[in-house]
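Reading through the structure tokens given below for one structure.
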Amino acid sequence: MNRQNTCTRHFSVPLSATRRGARLARLLAAEQLAAWEMPLDPARLVVAELAANAVLHGRVPGRSFRLGLSVGETGVLRVEVVDARGDALPGASAATDGESGYGLLLVGELADRWGVVNGPAPCKTVWAEIDL
């Protein structure tokens, strides 16, 4: 978490690494944002893309992924998706697979910042921040 953005609200949930889990991530994020009285978009779209990537490219059989949302005092919404494939970095297959990579382009356009952090081992965390 960005140390400059002291967390005032936090939501985290493990989800199955399936299409149903990715859909549930989007729905739960929308419910949580509504409960916090925050705008749904573009966060809902960012969650949908990051969750879909976790299911498609970060899936390990029998392991879940985790969705995290947090909002700090500075008004920055941070979306984090932790999947079980720390060895599979986003964009690595985009050059060879014509259907890969477009979701992260969308995340790059919708979010103010995004990136990838290795860990916690053997996982990786893909995050995006949206200035509200």
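Letters A, B, ... go to the chains of the structure tokens in the order shown; residues in each chain start at 1; ligands are counted from 1 in the same order.
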Taking 4 positions as the minimum chain separation for residues in the same chain, which residues sit within 7 Å of range 41-56 of chain A when counting only C-alpha atoms? Answer as a list in words.
Ala17, Thr18, Arg19, Ala22, Ala25, Arg26, Ala29, Ala30, Phe65, Val79, Val81, Asp83, Gly103, Val107 and Leu110 of chain A
Residues of chain A in strand (DSSP E or B), written as a PyMOL selection string:
chain A and resi 7-16+64-72+76-83+113-118+124-131
Who sits within 8 Å of Phe11 in chain A, only C-alpha atoms, same chain under 6 positions skipped, as a compact mmCIF listing (two decimals) with C-alpha atoms, in the first residue's frame:
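Below is the file that was written, selection_3.txt:
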# COMPACT_ATOMS: atom_id res chain seq x y z
CA GLN A 32 -18.64 -2.08 -1.52
CA GLY A 68 -8.64 -5.87 -2.12
CA LEU A 69 -10.06 -2.35 -2.15
CA SER A 70 -8.83 0.48 0.01
Would you mind reading off the distance between CA of Asn118 in chain A and CA of Met38 in chain A, one decimal, in Å?
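A separation of 29.2 Å between them.
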Check the smallest atom-to-atom distance from each of A:Glu31, A:Glu73, A:Asp87, A:Glu37 to Gly119 in chain A using only C-alpha atoms, then report the winner.
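When distances to Gly119 in chain A are compared using only C-alpha atoms, the smallest one comes from A:Asp87.
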